[in-house]
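Quick look at target01.pdb (PDB, C-alpha atoms):
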```pdb
ATOM      1  CA  MET B   1      51.914 108.567  35.468
ATOM      2  CA  GLU B   2      49.793 111.233  37.121
ATOM      3  CA  THR B   3      46.729 113.229  36.221
ATOM      4  CA  LYS B   4      47.283 115.825  33.524
ATOM      5  CA  GLU B   5      46.073 118.584  35.824
ATOM      6  CA  GLU B   6      48.839 117.887  38.348
ATOM      7  CA  VAL B   7      51.423 117.660  35.598
ATOM      8  CA  GLU B   8      50.271 120.974  34.133
ATOM      9  CA  LYS B   9      50.363 122.679  37.529
ATOM     10  CA  ILE B  10      53.937 121.610  38.238
ATOM     11  CA  ARG B  11      54.974 122.481  34.670
ATOM     12  CA  ILE B  12      53.603 126.026  35.040
ATOM     13  CA  VAL B  13      55.286 126.439  38.420
ATOM     14  CA  ALA B  14      58.592 125.231  36.958
ATOM     15  CA  GLU B  15      58.301 127.645  34.021
ATOM     16  CA  ASN B  16      57.526 130.538  36.338
ATOM     17  CA  HIS B  17      60.498 129.633  38.492
ATOM     18  CA  HIS B  18      62.827 129.479  35.485
ATOM     19  CA  ALA B  19      61.485 132.819  34.262
ATOM     20  CA  GLY B  20      62.085 134.298  37.709
ATOM     21  CA  GLU B  21      65.672 133.098  37.668
ATOM     22  CA  ALA B  22      66.212 134.514  34.167
ATOM     23  CA  GLY B  23      64.879 137.913  35.176
ATOM     24  CA  GLY B  24      66.565 137.995  38.563
ATOM     25  CA  GLU B  25      69.670 139.779  37.290
ATOM     26  CA  GLY B  26      67.779 142.916  36.271
ATOM     27  CA  ALA B  27      65.240 142.883  39.069
ATOM     28  CA  GLY B  28      67.283 145.184  41.269
ATOM     29  CA  LEU B  29      67.366 147.845  38.556
ATOM     30  CA  LEU B  30      63.614 147.853  38.003
ATOM     31  CA  GLY B  31      62.411 147.706  41.573
ATOM     32  CA  PRO B  32      62.522 145.750  44.795
ATOM     33  CA  PRO B  33      63.446 142.088  44.405
ATOM     34  CA  ARG B  34      60.490 139.713  44.286
ATOM     35  CA  ALA B  35      60.343 136.741  46.612
ATOM     36  CA  LEU B  36      60.783 133.611  44.515
ATOM     37  CA  PRO B  37      58.826 130.470  45.404
ATOM     38  CA  SER B  38      60.786 127.940  47.368
ATOM     39  CA  SER B  39      62.656 125.939  44.737
ATOM     40  CA  TRP B  40      63.159 122.882  46.926
ATOM     41  CA  GLN B  41      59.396 122.499  47.342
ATOM     42  CA  HIS B  42      58.965 122.521  43.571
ATOM     43  CA  LYS B  43      61.804 120.061  43.192
ATOM     44  CA  CYS B  44      60.332 117.695  45.778
ATOM     45  CA  ALA B  45      56.926 117.863  44.096
ATOM     46  CA  SER B  46      58.588 117.135  40.745
ATOM     47  CA  TYR B  47      60.417 114.104  42.147
ATOM     48  CA  VAL B  48      57.223 112.733  43.687
ATOM     49  CA  LEU B  49      55.449 113.204  40.363
ATOM     50  CA  ALA B  50      58.229 111.360  38.527
ATOM     51  CA  LEU B  51      57.863 108.373  40.902
ATOM     52  CA  ARG B  52      54.213 107.851  39.855
ATOM     53  CA  PRO B  53      53.120 107.079  43.420
ATOM     54  CA  TRP B  54      49.660 105.950  42.316
ATOM     55  CA  SER B  55      51.328 102.764  41.029
ATOM     56  CA  PHE B  56      52.891 101.847  44.380
ATOM     57  CA  SER B  57      49.931  99.645  45.297
ATOM     58  CA  ALA B  58      51.423  97.143  42.857
ATOM     59  CA  SER B  59      54.466  96.728  45.126
ATOM     60  CA  LEU B  60      52.978  97.322  48.583
ATOM     61  CA  THR B  61      50.178  94.756  48.348
ATOM     62  CA  PRO B  62      52.554  91.861  47.449
ATOM     63  CA  VAL B  63      54.698  92.760  50.472
ATOM     64  CA  ALA B  64      51.602  92.779  52.685
ATOM     65  CA  LEU B  65      50.435  89.468  51.201
ATOM     66  CA  GLY B  66      53.808  87.770  51.673
ATOM     67  CA  SER B  67      53.982  88.992  55.267
ATOM     68  CA  ALA B  68      50.420  87.795  55.959
ATOM     69  CA  LEU B  69      51.275  84.361  54.563
ATOM     70  CA  ALA B  70      54.352  84.263  56.804
ATOM     71  CA  TYR B  71      52.231  85.183  59.832
ATOM     72  CA  ARG B  72      49.677  82.515  59.012
ATOM     73  CA  SER B  73      52.499  79.991  58.532
ATOM     74  CA  GLN B  74      54.476  80.576  61.740
ATOM     75  CA  GLY B  75      52.138  82.645  63.934
ATOM     76  CA  THR B  76      54.488  85.607  64.356
ATOM     77  CA  LEU B  77      55.412  88.695  62.375
ATOM     78  CA  ASP B  78      58.472  90.927  62.744
ATOM     79  CA  PRO B  79      57.432  94.584  62.167
ATOM     80  CA  GLY B  80      61.038  95.587  61.443
ATOM     81  CA  LEU B  81      61.349  93.018  58.666
ATOM     82  CA  LEU B  82      57.969  94.084  57.286
ATOM     83  CA  LEU B  83      59.068  97.723  57.181
ATOM     84  CA  GLY B  84      62.421  96.813  55.645
ATOM     85  CA  SER B  85      60.738  94.709  52.968
ATOM     86  CA  ALA B  86      58.354  97.548  52.107
ATOM     87  CA  VAL B  87      61.185 100.106  51.852
ATOM     88  CA  THR B  88      63.255  97.781  49.663
ATOM     89  CA  VAL B  89      60.459  96.952  47.248
ATOM     90  CA  LEU B  90      59.255 100.565  47.042
ATOM     91  CA  ALA B  91      62.794 101.802  46.355
ATOM     92  CA  VAL B  92      63.281  99.338  43.503
ATOM     93  CA  HIS B  93      59.801 100.054  42.126
ATOM     94  CA  GLY B  94      60.378 103.821  42.220
ATOM     95  CA  ALA B  95      63.778 103.446  40.555
ATOM     96  CA  GLY B  96      62.201 101.291  37.862
ATOM     97  CA  ASN B  97      59.613 104.002  37.185
ATOM     98  CA  LEU B  98      62.413 106.546  36.762
ATOM     99  CA  VAL B  99      64.271 104.234  34.369
ATOM    100  CA  ASN B 100      61.047 103.914  32.388
ATOM    101  CA  THR B 101      60.657 107.708  32.297
ATOM    102  CA  TYR B 102      64.238 108.201  31.094
ATOM    103  CA  TYR B 103      64.194 105.596  28.322
ATOM    104  CA  ASP B 104      60.682 106.423  27.087
ATOM    105  CA  PHE B 105      61.816 110.042  26.714
ATOM    106  CA  SER B 106      65.150 109.179  25.098
ATOM    107  CA  LYS B 107      63.405 106.914  22.564
ATOM    108  CA  GLY B 108      60.849 109.614  21.725
ATOM    109  CA  ILE B 109      57.890 107.648  23.083
ATOM    110  CA  ASP B 110      56.729 110.280  25.588
ATOM    111  CA  HIS B 111      55.209 113.414  24.068
ATOM    112  CA  LYS B 112      53.090 116.417  25.023
ATOM    113  CA  LYS B 113      49.931 114.298  25.285
ATOM    114  CA  SER B 114      51.528 111.549  27.394
ATOM    115  CA  ASP B 115      50.568 111.094  31.030
ATOM    116  CA  ASP B 116      54.234 110.992  32.020
ATOM    117  CA  ARG B 117      55.556 114.388  30.909
ATOM    118  CA  THR B 118      58.259 114.742  33.556
ATOM    119  CA  LEU B 119      61.031 115.140  30.975
ATOM    120  CA  VAL B 120      58.904 116.303  28.059
ATOM    121  CA  ASP B 121      57.862 119.450  29.951
ATOM    122  CA  GLN B 122      61.312 119.801  31.533
ATOM    123  CA  ILE B 123      59.834 119.447  35.000
ATOM    124  CA  LEU B 124      63.056 117.551  35.699
ATOM    125  CA  GLU B 125      66.203 117.254  33.626
ATOM    126  CA  PRO B 126      67.369 113.804  32.420
ATOM    127  CA  GLN B 127      70.386 113.927  34.743
ATOM    128  CA  ASP B 128      68.038 114.580  37.697
ATOM    129  CA  VAL B 129      66.066 111.450  36.849
ATOM    130  CA  VAL B 130      69.252 109.394  36.505
ATOM    131  CA  ARG B 131      70.650 110.629  39.832
ATOM    132  CA  PHE B 132      67.371 109.986  41.642
ATOM    133  CA  GLY B 133      67.216 106.481  40.194
ATOM    134  CA  VAL B 134      70.739 105.743  41.426
ATOM    135  CA  VAL B 135      69.796 107.026  44.892
ATOM    136  CA  LEU B 136      66.754 104.741  45.030
ATOM    137  CA  TYR B 137      68.656 101.679  43.819
ATOM    138  CA  THR B 138      71.312 102.428  46.452
ATOM    139  CA  LEU B 139      68.609 102.759  49.109
ATOM    140  CA  GLY B 140      67.215  99.387  48.047
ATOM    141  CA  CYS B 141      70.644  97.775  48.383
ATOM    142  CA  LEU B 142      71.212  99.293  51.823
ATOM    143  CA  SER B 143      67.785  98.186  52.979
ATOM    144  CA  THR B 144      68.470  94.669  51.716
ATOM    145  CA  ALA B 145      71.749  94.631  53.652
ATOM    146  CA  CYS B 146      69.822  95.548  56.805
ATOM    147  CA  LEU B 147      67.317  92.767  56.105
ATOM    148  CA  TYR B 148      70.186  90.285  55.853
ATOM    149  CA  CYS B 149      71.387  91.340  59.310
ATOM    150  CA  LEU B 150      67.909  90.971  60.814
ATOM    151  CA  SER B 151      66.590  87.926  58.960
ATOM    152  CA  THR B 152      67.680  84.287  59.107
ATOM    153  CA  LEU B 153      67.301  83.941  55.326
ATOM    154  CA  ARG B 154      70.482  82.730  53.637
ATOM    155  CA  LEU B 155      72.439  85.407  51.798
ATOM    156  CA  GLU B 156      72.369  83.641  48.433
ATOM    157  CA  HIS B 157      68.577  83.302  48.583
ATOM    158  CA  LEU B 158      68.092  86.929  49.602
ATOM    159  CA  ALA B 159      70.468  88.142  46.875
ATOM    160  CA  LEU B 160      68.808  85.945  44.247
ATOM    161  CA  ILE B 161      65.356  87.391  44.891
ATOM    162  CA  TYR B 162      66.478  90.997  45.383
ATOM    163  CA  PHE B 163      68.786  91.268  42.391
ATOM    164  CA  GLY B 164      66.251  89.388  40.289
ATOM    165  CA  GLY B 165      63.723  92.109  41.098
ATOM    166  CA  LEU B 166      66.265  94.898  40.625
ATOM    167  CA  SER B 167      67.320  93.540  37.230
ATOM    168  CA  SER B 168      63.714  93.222  36.124
ATOM    169  CA  SER B 169      62.903  96.792  37.121
ATOM    170  CA  PHE B 170      65.835  98.094  35.064
ATOM    171  CA  LEU B 171      65.587  95.794  32.055
ATOM    172  CA  TYR B 172      61.866  96.514  31.652
ATOM    173  CA  THR B 173      62.854  99.584  29.602
ATOM    174  CA  GLY B 174      66.644  99.843  30.078
ATOM    175  CA  GLY B 175      69.210  97.577  28.435
ATOM    176  CA  ILE B 176      67.256  94.867  26.614
ATOM    177  CA  GLY B 177      64.042  96.869  27.025
ATOM    178  CA  PHE B 178      61.518  94.051  27.469
ATOM    179  CA  LYS B 179      58.690  96.589  27.248
ATOM    180  CA  TYR B 180      59.590  97.418  23.653
ATOM    181  CA  VAL B 181      59.554  93.807  22.404
ATOM    182  CA  ALA B 182      56.203  92.669  23.876
ATOM    183  CA  LEU B 183      57.803  90.999  26.907
ATOM    184  CA  GLY B 184      57.035  93.720  29.439
ATOM    185  CA  ASP B 185      53.860  91.958  30.549
ATOM    186  CA  VAL B 186      55.828  88.834  31.474
ATOM    187  CA  VAL B 187      58.302  90.895  33.513
ATOM    188  CA  ILE B 188      55.533  92.692  35.421
ATOM    189  CA  LEU B 189      53.574  89.484  35.985
ATOM    190  CA  ILE B 190      56.580  87.814  37.607
ATOM    191  CA  THR B 191      58.126  90.778  39.432
ATOM    192  CA  PHE B 192      55.010  92.253  41.033
ATOM    193  CA  GLY B 193      53.521  88.875  41.813
ATOM    194  CA  PRO B 194      55.497  85.782  42.807
ATOM    195  CA  LEU B 195      58.854  87.549  43.236
ATOM    196  CA  ALA B 196      57.684  90.342  45.561
ATOM    197  CA  VAL B 197      55.445  88.008  47.582
ATOM    198  CA  MET B 198      58.249  85.474  47.943
ATOM    199  CA  PHE B 199      60.673  88.217  49.021
ATOM    200  CA  ALA B 200      58.444  89.421  51.881
ATOM    201  CA  TYR B 201      57.563  85.847  52.915
ATOM    202  CA  ALA B 202      61.122  84.480  52.868
ATOM    203  CA  VAL B 203      62.520  87.423  54.841
ATOM    204  CA  GLN B 204      60.004  86.723  57.613
ATOM    205  CA  VAL B 205      60.206  82.920  57.628
ATOM    206  CA  GLY B 206      63.915  82.562  56.837
ATOM    207  CA  GLN B 207      63.537  80.072  54.002
ATOM    208  CA  LEU B 208      62.082  79.683  50.519
ATOM    209  CA  SER B 209      58.817  77.866  49.898
ATOM    210  CA  PRO B 210      56.649  77.210  46.825
ATOM    211  CA  SER B 211      53.380  78.090  48.577
ATOM    212  CA  PRO B 212      53.739  81.908  48.311
ATOM    213  CA  LEU B 213      54.144  81.540  44.550
ATOM    214  CA  LEU B 214      50.716  79.944  44.322
ATOM    215  CA  TYR B 215      49.014  82.460  46.587
ATOM    216  CA  ALA B 216      50.549  85.293  44.549
ATOM    217  CA  VAL B 217      48.707  84.323  41.350
ATOM    218  CA  PRO B 218      45.449  86.295  41.935
ATOM    219  CA  LEU B 219      47.351  89.434  42.871
ATOM    220  CA  ALA B 220      49.772  89.059  39.956
ATOM    221  CA  LEU B 221      46.874  88.835  37.492
ATOM    222  CA  SER B 222      45.270  91.951  38.944
ATOM    223  CA  THR B 223      48.573  93.841  38.751
ATOM    224  CA  GLU B 224      49.099  92.811  35.141
ATOM    225  CA  ALA B 225      45.651  94.256  34.377
ATOM    226  CA  ILE B 226      47.045  97.706  35.272
ATOM    227  CA  LEU B 227      49.833  97.440  32.704
ATOM    228  CA  HIS B 228      47.608  95.933  30.033
ATOM    229  CA  SER B 229      45.009  98.693  30.383
ATOM    230  CA  ASN B 230      47.789 101.265  30.058
ATOM    231  CA  ASN B 231      49.256  99.589  26.971
ATOM    232  CA  THR B 232      45.843  99.237  25.356
ATOM    233  CA  ARG B 233      45.157 102.927  25.886
ATOM    234  CA  ASP B 234      48.560 103.834  24.380
ATOM    235  CA  MET B 235      48.296 101.344  21.522
ATOM    236  CA  GLU B 236      48.312 103.898  18.700
ATOM    237  CA  SER B 237      51.043 106.137  20.098
ATOM    238  CA  ASP B 238      53.232 103.095  20.867
ATOM    239  CA  ARG B 239      52.766 101.824  17.321
ATOM    240  CA  ARG B 240      53.781 105.205  15.885
ATOM    241  CA  ALA B 241      56.862 105.181  18.131
ATOM    242  CA  GLY B 242      57.889 101.831  16.652
ATOM    243  CA  ILE B 243      57.616  99.699  19.778
ATOM    244  CA  VAL B 244      55.701  96.450  20.152
ATOM    245  CA  THR B 245      53.519  95.607  23.138
ATOM    246  CA  LEU B 246      51.253  92.654  23.804
ATOM    247  CA  ALA B 247      48.234  94.929  23.316
ATOM    248  CA  ILE B 248      49.447  95.825  19.805
ATOM    249  CA  LEU B 249      49.997  92.161  18.905
ATOM    250  CA  LEU B 250      46.540  91.160  20.155
ATOM    251  CA  GLY B 251      44.552  94.076  18.750
ATOM    252  CA  PRO B 252      41.531  95.771  20.386
ATOM    253  CA  THR B 253      39.209  92.739  20.557
ATOM    254  CA  LEU B 254      41.651  90.243  22.038
ATOM    255  CA  SER B 255      43.050  92.944  24.323
ATOM    256  CA  TYR B 256      39.539  93.335  25.722
ATOM    257  CA  VAL B 257      39.315  89.567  26.233
ATOM    258  CA  LEU B 258      42.687  89.493  27.981
ATOM    259  CA  TYR B 259      41.782  92.435  30.221
ATOM    260  CA  ASN B 260      38.590  90.673  31.326
ATOM    261  CA  THR B 261      40.553  87.489  32.001
ATOM    262  CA  LEU B 262      43.055  89.368  34.157
ATOM    263  CA  LEU B 263      40.229  91.220  35.875
ATOM    264  CA  PHE B 264      37.877  88.349  36.721
ATOM    265  CA  LEU B 265      40.038  85.211  36.994
ATOM    266  CA  PRO B 266      41.226  86.220  40.503
ATOM    267  CA  TYR B 267      37.600  86.246  41.654
ATOM    268  CA  LEU B 268      37.118  82.714  40.341
ATOM    269  CA  ILE B 269      40.159  81.633  42.364
ATOM    270  CA  PHE B 270      38.766  83.330  45.475
ATOM    271  CA  CYS B 271      35.432  81.542  44.983
ATOM    272  CA  VAL B 272      37.195  78.179  44.874
ATOM    273  CA  LEU B 273      39.225  78.983  47.999
ATOM    274  CA  ALA B 274      36.125  80.231  49.833
ATOM    275  CA  THR B 275      34.005  77.166  49.035
ATOM    276  CA  ARG B 276      36.704  74.559  49.613
ATOM    277  CA  TYR B 277      38.668  75.980  52.541
ATOM    278  CA  THR B 278      37.400  79.035  54.438
ATOM    279  CA  ILE B 279      34.675  81.611  53.917
ATOM    280  CA  SER B 280      37.067  84.448  54.744
ATOM    281  CA  MET B 281      38.522  84.058  51.247
ATOM    282  CA  ALA B 282      35.290  85.530  49.901
ATOM    283  CA  LEU B 283      36.262  88.970  51.224
ATOM    284  CA  PRO B 284      37.903  90.110  47.943
ATOM    285  CA  LEU B 285      34.577  89.518  46.195
ATOM    286  CA  LEU B 286      33.424  92.794  47.737
ATOM    287  CA  THR B 287      35.381  94.566  44.998
ATOM    288  CA  LEU B 288      33.439  92.875  42.174
ATOM    289  CA  PRO B 289      31.264  95.954  41.453
ATOM    290  CA  MET B 290      34.419  97.954  40.729
ATOM    291  CA  ALA B 291      35.605  95.233  38.351
ATOM    292  CA  PHE B 292      32.320  95.282  36.408
ATOM    293  CA  SER B 293      32.514  99.065  36.186
ATOM    294  CA  LEU B 294      36.033  98.802  34.727
ATOM    295  CA  GLU B 295      34.876  96.161  32.251
ATOM    296  CA  ARG B 296      32.156  98.480  30.968
ATOM    297  CA  GLN B 297      34.605 101.366  30.664
ATOM    298  CA  PHE B 298      37.130  99.213  28.786
ATOM    299  CA  ARG B 299      34.418  97.839  26.475
ATOM    300  CA  SER B 300      33.330 101.358  25.581
ATOM    301  CA  GLN B 301      36.986 102.181  24.812
ATOM    302  CA  SER B 302      36.910 105.073  27.255
ATOM    303  CA  PHE B 303      40.467 104.683  28.492
ATOM    304  CA  VAL B 304      40.722 107.959  30.425
ATOM    305  CA  LYS B 305      42.229 107.167  33.842
ATOM    306  CA  ILE B 306      41.497 103.457  33.426
ATOM    307  CA  PRO B 307      45.040 102.442  34.541
ATOM    308  CA  GLN B 308      44.616 104.548  37.694
ATOM    309  CA  ARG B 309      41.183 103.030  38.373
ATOM    310  CA  THR B 310      42.561  99.531  37.791
ATOM    311  CA  ALA B 311      45.377 100.305  40.235
ATOM    312  CA  LYS B 312      42.782 101.372  42.814
ATOM    313  CA  LEU B 313      40.959  98.064  42.322
ATOM    314  CA  ASN B 314      44.278  96.247  42.660
ATOM    315  CA  LEU B 315      44.948  97.980  45.986
ATOM    316  CA  LEU B 316      41.506  97.207  47.448
ATOM    317  CA  LEU B 317      41.494  93.631  46.174
ATOM    318  CA  GLY B 318      44.967  93.112  47.637
ATOM    319  CA  LEU B 319      43.982  94.538  51.021
ATOM    320  CA  PHE B 320      40.869  92.353  51.230
ATOM    321  CA  TYR B 321      43.005  89.374  50.196
ATOM    322  CA  VAL B 322      45.459  90.105  53.011
ATOM    323  CA  PHE B 323      42.611  90.423  55.530
ATOM    324  CA  ALA B 324      41.170  87.130  54.260
ATOM    325  CA  ILE B 325      44.499  85.377  54.897
ATOM    326  CA  LEU B 326      44.778  86.874  58.393
ATOM    327  CA  LEU B 327      41.179  85.979  59.325
ATOM    328  CA  ALA B 328      41.442  82.391  58.072
ATOM    329  CA  PRO B 329      41.381  79.842  60.927
ATOM    330  CA  PRO B 330      44.774  78.237  61.615
ATOM    331  CA  GLY B 331      45.323  75.226  59.385
ATOM    332  CA  SER B 332      42.387  75.998  57.108
ATOM    333  CA  LEU B 333      44.442  77.121  54.127
ATOM    334  CA  PRO B 334      46.472  74.587  52.099
ATOM    335  CA  LYS B 335      50.260  74.524  52.515
ATOM    336  CA  LEU B 336      50.174  77.033  55.414
TER     337      LEU B 336
END
```

Rewrite the structure from the file as structure tokens, please.
Amino acid sequence: METKEEVEKIRIVAENHHAGEAGGEGAGLLGPPRALPSSWQHKCASYVLALRPWSFSASLTPVALGSALAYRSQGTLDPGLLLGSAVTVLAVHGAGNLVNTYYDFSKGIDHKKSDDRTLVDQILEPQDVVRFGVVLYTLGCLSTACLYCLSTLRLEHLALIYFGGLSSSFLYTGGIGFKYVALGDVVILITFGPLAVMFAYAVQVGQLSPSPLLYAVPLALSTEAILHSNNTRDMESDRRAGIVTLAILLGPTLSYVLYNTLLFLPYLIFCVLATRYTISMALPLLTLPMAFSLERQFRSQSFVKIPQRTAKLNLLLGLFYVFAILLAPPGSLPKL
């Protein structure tokens, strides 16, 4: 999803471009040919819009966290493996966003007032979205193959984590469509938390370990808050479209309670880690004012841009969490 202003701008540009192509045949009869805007620039902008890049913090911060945990565990970090992990996770995340765009449009869920109007406004055609998704999934597979060549992680473990994430990104709206039967929150909680953190950690260390799963919990809760705020905002339109989300099942009051739980429980965990192990784990608490601001906005039911603002909080909280791990004295954190 992107801001409506950016969507409208690209939609107008696309319409003007289509109109220019339609009138191009008679242009030579009426006067000198007009220079058409560069179509590839419009196409690139449309593809970037379809990827919903504002949501990429949900995949980049788990990679950074898993890599930081690996560094704290073994004292070294391979930049090539870090880059490969980031490319792989971003490719799968972007492809999953495109799958979501395609199926939401095909099921009639997206409409003129939706944030994601990539297909509604014909900014891209459905076949463009499908092709781009295939390209990104292929890129993810190629990047994973490179990681296998560079990492000491066993192939079966690497394949288990990668294809688990790939399947989740597709089945969120494609195939089974977990999003439409109130299971999307579970998929997001697992995929953009423990799974992504474990992937980045295991690639660096060369083996699986339960400790990254535990350290991923605060970040997973914060990431789930993004999805829940989005589903709460779209509660009425989702209900009219005939789909069921956790926000619809809970209703406005319990959705508010759940959002606050997802928002503030990570800070409680950081307080425990800071008081029992190392003060550096208090760094994420610097984002508390943003969390209180989001709570007030959610309570007032002013949902405009609240998913984007929650994603911004998720990014900052994740970065401070990563810095806290890196600044922790060796041996001060449990199981590392």

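Proximity to Ala45 of chain B was assessed for B:Thr118, B:Gly184, B:Leu315, B:Ser85 counting all atoms listed in the file; the smallest distance is recorded for B:Thr118.
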
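Here atom CA of Ser169 of chain B stands at a distance of 20.8 Å from atom CA of Pro212 of chain B.
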
Return as a tab-separated table the residues of segment 108-174 of chain B lying at most 10 Å from segment 188-196 of chain B, together with the closest atom-to-atom pair for each and the distance in Å to one decimal, counting all atoms listed in the file, with rows in chain order and ascending residue number.
```
residue	atom	partner	partner_atom	distance
B:Ile161	CA	B:Leu195	CA	6.7
B:Tyr162	CA	B:Leu195	CA	8.6
B:Gly164	CA	B:Leu195	CA	8.2
B:Gly165	CA	B:Thr191	CA	6.0
B:Leu166	CA	B:Thr191	CA	9.2
B:Ser167	CA	B:Thr191	CA	9.8
B:Ser168	CA	B:Thr191	CA	6.9
B:Ser169	CA	B:Thr191	CA	8.0
B:Tyr172	CA	B:Ile188	CA	8.3
```

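Take atom CA of Ser106 of chain B and atom CA of Thr245 of chain B: the distance between them is 18.0 Å.
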
From (40.4, 82.1, 49.6), in the file's coordinates, out to 10 Å: which residues are reached, counting all atoms listed in the file? Answer as a count of residues only.
26

Got a sec: who's within 9 Å of Ser211 of chain B, counting all atoms listed in the file, leaving out chain neighbours fewer than 3 positions off, as a ChimeraX atom specification?
/B:69,198,214-216,334-336

Can you list, as an mmCIF file with C-alpha atoms, in the coordinates of the input, every protein, DNA or RNA residue that comes within 6 Å of Ala200 of chain B when you count all atoms listed in the file, leaving out same-chain residues fewer than 5 positions away?
```cif
data_model
loop_
_atom_site.group_PDB
_atom_site.id
_atom_site.type_symbol
_atom_site.label_atom_id
_atom_site.label_comp_id
_atom_site.auth_asym_id
_atom_site.auth_seq_id
_atom_site.Cartn_x
_atom_site.Cartn_y
_atom_site.Cartn_z
ATOM 1 C CA VAL B 63 54.698 92.760 50.472
ATOM 2 C CA GLY B 66 53.808 87.770 51.673
ATOM 3 C CA SER B 67 53.982 88.992 55.267
ATOM 4 C CA SER B 85 60.738 94.709 52.968
#
```

Please evaluate the PyMOL selection byres ((chain B and resi 154) around 12) against the structure above and give the resulting residues as a compact mmCIF listing (two decimals) with C-alpha atoms, in the frame of the given file.
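Dumped to selection.txt:
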```txt
# COMPACT_ATOMS: atom_id res chain seq x y z
CA ALA B 145 71.75 94.63 53.65
CA LEU B 147 67.32 92.77 56.10
CA TYR B 148 70.19 90.28 55.85
CA CYS B 149 71.39 91.34 59.31
CA LEU B 150 67.91 90.97 60.81
CA SER B 151 66.59 87.93 58.96
CA THR B 152 67.68 84.29 59.11
CA LEU B 153 67.30 83.94 55.33
CA LEU B 155 72.44 85.41 51.80
CA GLU B 156 72.37 83.64 48.43
CA HIS B 157 68.58 83.30 48.58
CA LEU B 158 68.09 86.93 49.60
CA ALA B 159 70.47 88.14 46.88
CA LEU B 160 68.81 85.94 44.25
CA ILE B 161 65.36 87.39 44.89
CA ALA B 202 61.12 84.48 52.87
CA VAL B 203 62.52 87.42 54.84
CA GLN B 204 60.00 86.72 57.61
CA VAL B 205 60.21 82.92 57.63
CA GLY B 206 63.92 82.56 56.84
CA GLN B 207 63.54 80.07 54.00
CA LEU B 208 62.08 79.68 50.52
```

Need the neighbours of (43.7, 104.5, 38.7): which residues are at most 12 Å away, counting only C-alpha atoms, as a ChimeraX atom specification?
/B:1-3,52-58,223,225-227,229-230,290,294,303-316

Do you know which residues are at most 12 Å from segment 231-234 of chain B counting only C-alpha atoms, after dropping those on the same chain fewer than 2 positions away, and could you put them as an MDAnalysis selection string?
chainID B and resid 109:111 113:116 179:180 182 184:185 224:229 236:241 243:259 297:308

Written coordinates, N, CA and C atoms of segment 41-53 of chain B as a short mmCIF file (atom, residue, chain, number, x, y, z; two decimals), in the first residue's frame:
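Full text of part.cif as output:
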```
data_model
loop_
_atom_site.label_atom_id
_atom_site.label_comp_id
_atom_site.auth_asym_id
_atom_site.auth_seq_id
_atom_site.Cartn_x
_atom_site.Cartn_y
_atom_site.Cartn_z
N GLN B 41 10.01 4.58 -17.52
CA GLN B 41 10.04 5.24 -16.21
C GLN B 41 8.70 5.06 -15.50
N HIS B 42 7.61 5.20 -16.26
CA HIS B 42 6.29 5.02 -15.66
C HIS B 42 6.11 3.57 -15.21
N LYS B 43 6.60 2.66 -16.02
CA LYS B 43 6.47 1.24 -15.69
C LYS B 43 7.25 0.90 -14.42
N CYS B 44 8.47 1.44 -14.34
CA CYS B 44 9.29 1.18 -13.15
C CYS B 44 8.62 1.75 -11.90
N ALA B 45 8.08 2.97 -12.02
CA ALA B 45 7.39 3.58 -10.88
C ALA B 45 6.18 2.75 -10.48
N SER B 46 5.48 2.21 -11.47
CA SER B 46 4.30 1.38 -11.20
C SER B 46 4.70 0.09 -10.48
N TYR B 47 5.80 -0.53 -10.90
CA TYR B 47 6.26 -1.75 -10.26
C TYR B 47 6.69 -1.48 -8.81
N VAL B 48 7.38 -0.39 -8.59
CA VAL B 48 7.79 -0.04 -7.23
C VAL B 48 6.57 0.18 -6.35
N LEU B 49 5.57 0.86 -6.90
CA LEU B 49 4.34 1.10 -6.16
C LEU B 49 3.66 -0.21 -5.79
N ALA B 50 3.63 -1.15 -6.74
CA ALA B 50 2.98 -2.44 -6.50
C ALA B 50 3.68 -3.24 -5.40
N LEU B 51 4.99 -3.02 -5.22
CA LEU B 51 5.75 -3.76 -4.21
C LEU B 51 5.45 -3.31 -2.79
N ARG B 52 4.85 -2.11 -2.64
CA ARG B 52 4.58 -1.53 -1.32
C ARG B 52 5.86 -1.45 -0.48
N PRO B 53 6.83 -0.70 -0.94
CA PRO B 53 8.14 -0.69 -0.28
C PRO B 53 8.12 -0.22 1.16
#
```
